[in-house]
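Data from query-v6.pdb: PDB, C-alpha atoms, pLDDT in the B column
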```pdb
MODEL        1
ATOM      1  CA  MET K 271     189.370 117.414 138.056  1.00 85.00           C
ATOM      2  CA  GLU K 272     188.612 120.951 137.049  1.00 89.00           C
ATOM      3  CA  PHE K 273     185.408 122.791 136.234  1.00 87.00           C
ATOM      4  CA  ASN K 274     186.033 125.888 134.090  1.00 89.00           C
ATOM      5  CA  ASP K 275     189.696 125.833 135.201  1.00 90.00           C
ATOM      6  CA  VAL K 276     188.745 125.700 138.925  1.00 90.00           C
ATOM      7  CA  PRO K 277     189.944 122.617 140.852  1.00 89.00           C
ATOM      8  CA  ALA K 278     187.045 120.340 141.807  1.00 84.00           C
ATOM      9  CA  ASP K 279     187.973 120.449 145.499  1.00 86.00           C
ATOM     10  CA  VAL K 280     187.267 124.214 145.568  1.00 89.00           C
ATOM     11  CA  PRO K 281     183.546 124.894 146.166  1.00 84.00           C
ATOM     12  CA  SER K 282     182.086 126.907 143.315  1.00 83.00           C
ATOM     13  CA  SER K 283     178.730 128.059 141.990  1.00 82.00           C
ATOM     14  CA  TYR K 284     177.582 128.953 138.488  1.00 81.00           C
ATOM     15  CA  TYR K 285     174.560 131.147 137.882  1.00 82.00           C
ATOM     16  CA  ILE K 286     172.372 130.345 134.901  1.00 84.00           C
ATOM     17  CA  GLU K 287     169.445 132.624 134.064  1.00 85.00           C
ATOM     18  CA  ASN K 288     166.005 131.165 133.383  1.00 86.00           C
ATOM     19  CA  ASN K 289     165.462 129.731 129.905  1.00 90.00           C
ATOM     20  CA  THR K 290     169.147 129.907 129.002  1.00 91.00           C
ATOM     21  CA  SER K 291     171.998 127.428 128.907  1.00 87.00           C
ATOM     22  CA  ARG K 292     175.627 127.531 129.949  1.00 85.00           C
ATOM     23  CA  SER K 293     178.548 125.305 129.055  1.00 88.00           C
ATOM     24  CA  LEU K 294     180.907 124.029 131.746  1.00 85.00           C
ATOM     25  CA  VAL K 295     184.304 122.671 130.742  1.00 90.00           C
ATOM     26  CA  ILE K 296     185.189 119.559 132.745  1.00 88.00           C
ATOM     27  CA  LYS K 297     188.808 118.361 132.652  1.00 89.00           C
ATOM     28  CA  ALA K 298     190.373 115.294 134.219  1.00 85.00           C
ATOM     29  CA  THR K 299     193.962 114.116 134.499  1.00 81.00           C
ATOM     30  CA  LEU K 300     194.869 110.543 135.380  1.00 75.00           C
ATOM     31  CA  ARG K 301     197.910 110.383 137.641  1.00 75.00           C
ATOM     32  CA  SER K 302     199.695 107.507 139.318  1.00 74.00           C
ATOM     33  CA  THR K 303     201.898 107.514 142.390  1.00 76.00           C
ATOM     34  CA  ASN K 304     203.348 104.104 141.491  1.00 80.00           C
ATOM     35  CA  ALA K 305     204.920 102.636 138.370  1.00 80.00           C
ATOM     36  CA  LEU K 306     202.247 102.167 135.726  1.00 73.00           C
ATOM     37  CA  LYS K 307     201.419  98.693 134.493  1.00 78.00           C
ATOM     38  CA  GLY K 308     199.682  97.925 131.238  1.00 81.00           C
ATOM     39  CA  GLY K 309     195.956  97.290 131.349  1.00 83.00           C
ATOM     40  CA  LEU K 310     192.618  98.976 131.758  1.00 84.00           C
ATOM     41  CA  PHE K 311     192.168 102.093 133.844  1.00 77.00           C
ATOM     42  CA  SER K 312     188.927 103.510 135.132  1.00 78.00           C
ATOM     43  CA  GLY K 313     187.658 106.208 137.453  1.00 76.00           C
ATOM     44  CA  SER K 314     184.462 107.910 138.439  1.00 79.00           C
ATOM     45  CA  LEU K 315     183.142 111.274 139.565  1.00 76.00           C
ATOM     46  CA  VAL K 316     179.835 112.389 140.999  1.00 81.00           C
ATOM     47  CA  VAL K 317     178.691 115.916 140.111  1.00 79.00           C
ATOM     48  CA  ASN K 318     175.995 117.295 142.408  1.00 79.00           C
ATOM     49  CA  ILE K 319     173.793 119.817 140.615  1.00 78.00           C
ATOM     50  CA  THR K 320     171.221 121.715 142.674  1.00 78.00           C
ATOM     51  CA  TYR K 321     168.840 124.449 141.661  1.00 74.00           C
ATOM     52  CA  ASP K 322     166.494 126.893 143.381  1.00 70.00           C
TER      53      ASP K 322
ENDMDL
END
```
Once more with this new file: its structure as structure tokens, please.
Amino acid sequence: MEFNDVPADVPSSYYIENNTSRSLVIKATLRSTNALKGGLFSGSLVVNITYD
């Protein structure tokens, strides 16, 4: 996973001024360490958003 080209395991902060918006690009890549078999794949991610 990446947020604005920063790996998700690297802590990062994004400042957003009052009454404005900001886009964050979220990318994900599905990888396997074993031989792939046909069928459904799924995954999940929790994004913790805090504000002051």
(message) Neighbouring residues of K:Phe311 were defined as those with any atom within 12 Å, considering all atoms listed in the file; residues of the same chain fewer than 3 positions away were excluded. Please report them as JSON, numbers by chain.
(response) {"K": [300, 301, 302, 306, 307, 308, 314]}
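Atom CA of K:Asn289 to atom CA of K:Asn274 spans 21.3 Å [interatomic distance, one decimal].
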(message) Which residues, named as in the file, does the PyMOL selection byres ((chain K and resi 282) around 12) pick out? Answer as a VMD selection string.
(response) chain K and resid 272 to 281 283 to 285 294 317 to 319
Grab the residues selected above and save them as a PDB file, keeping the file's coordinate frame with C-alpha atoms.
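Once everything was written out, this is out15.pdb:
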```pdb
ATOM      1  CA  GLU K 272     188.612 120.951 137.049  1.00 89.00           C
ATOM      2  CA  PHE K 273     185.408 122.791 136.234  1.00 87.00           C
ATOM      3  CA  ASN K 274     186.033 125.888 134.090  1.00 89.00           C
ATOM      4  CA  ASP K 275     189.696 125.833 135.201  1.00 90.00           C
ATOM      5  CA  VAL K 276     188.745 125.700 138.925  1.00 90.00           C
ATOM      6  CA  PRO K 277     189.944 122.617 140.852  1.00 89.00           C
ATOM      7  CA  ALA K 278     187.045 120.340 141.807  1.00 84.00           C
ATOM      8  CA  ASP K 279     187.973 120.449 145.499  1.00 86.00           C
ATOM      9  CA  VAL K 280     187.267 124.214 145.568  1.00 89.00           C
ATOM     10  CA  PRO K 281     183.546 124.894 146.166  1.00 84.00           C
ATOM     11  CA  SER K 283     178.730 128.059 141.990  1.00 82.00           C
ATOM     12  CA  TYR K 284     177.582 128.953 138.488  1.00 81.00           C
ATOM     13  CA  TYR K 285     174.560 131.147 137.882  1.00 82.00           C
ATOM     14  CA  LEU K 294     180.907 124.029 131.746  1.00 85.00           C
ATOM     15  CA  VAL K 317     178.691 115.916 140.111  1.00 79.00           C
ATOM     16  CA  ASN K 318     175.995 117.295 142.408  1.00 79.00           C
ATOM     17  CA  ILE K 319     173.793 119.817 140.615  1.00 78.00           C
TER      18      ILE K 319
END
```
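Rounded to one decimal, atom CA of K:Arg292 and atom CA of K:Val316 lie 19.2 Å from each other.
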(message) What's the separation between atom CA of K:Val295 and atom CA of K:Tyr321, in Å to one decimal place?
(response) 19.0 Å
Would you give the centre and edge lengths, in Å to one decimal, of a box along x, y and z around the listed atoms of stretch 298-307 of chain K, with 3 Å added to each side, as AutoDock Vina command-line options?
```
--center_x 197.6 --center_y 107.0 --center_z 138.3 --size_x 20.5 --size_y 22.6 --size_z 14.2
```
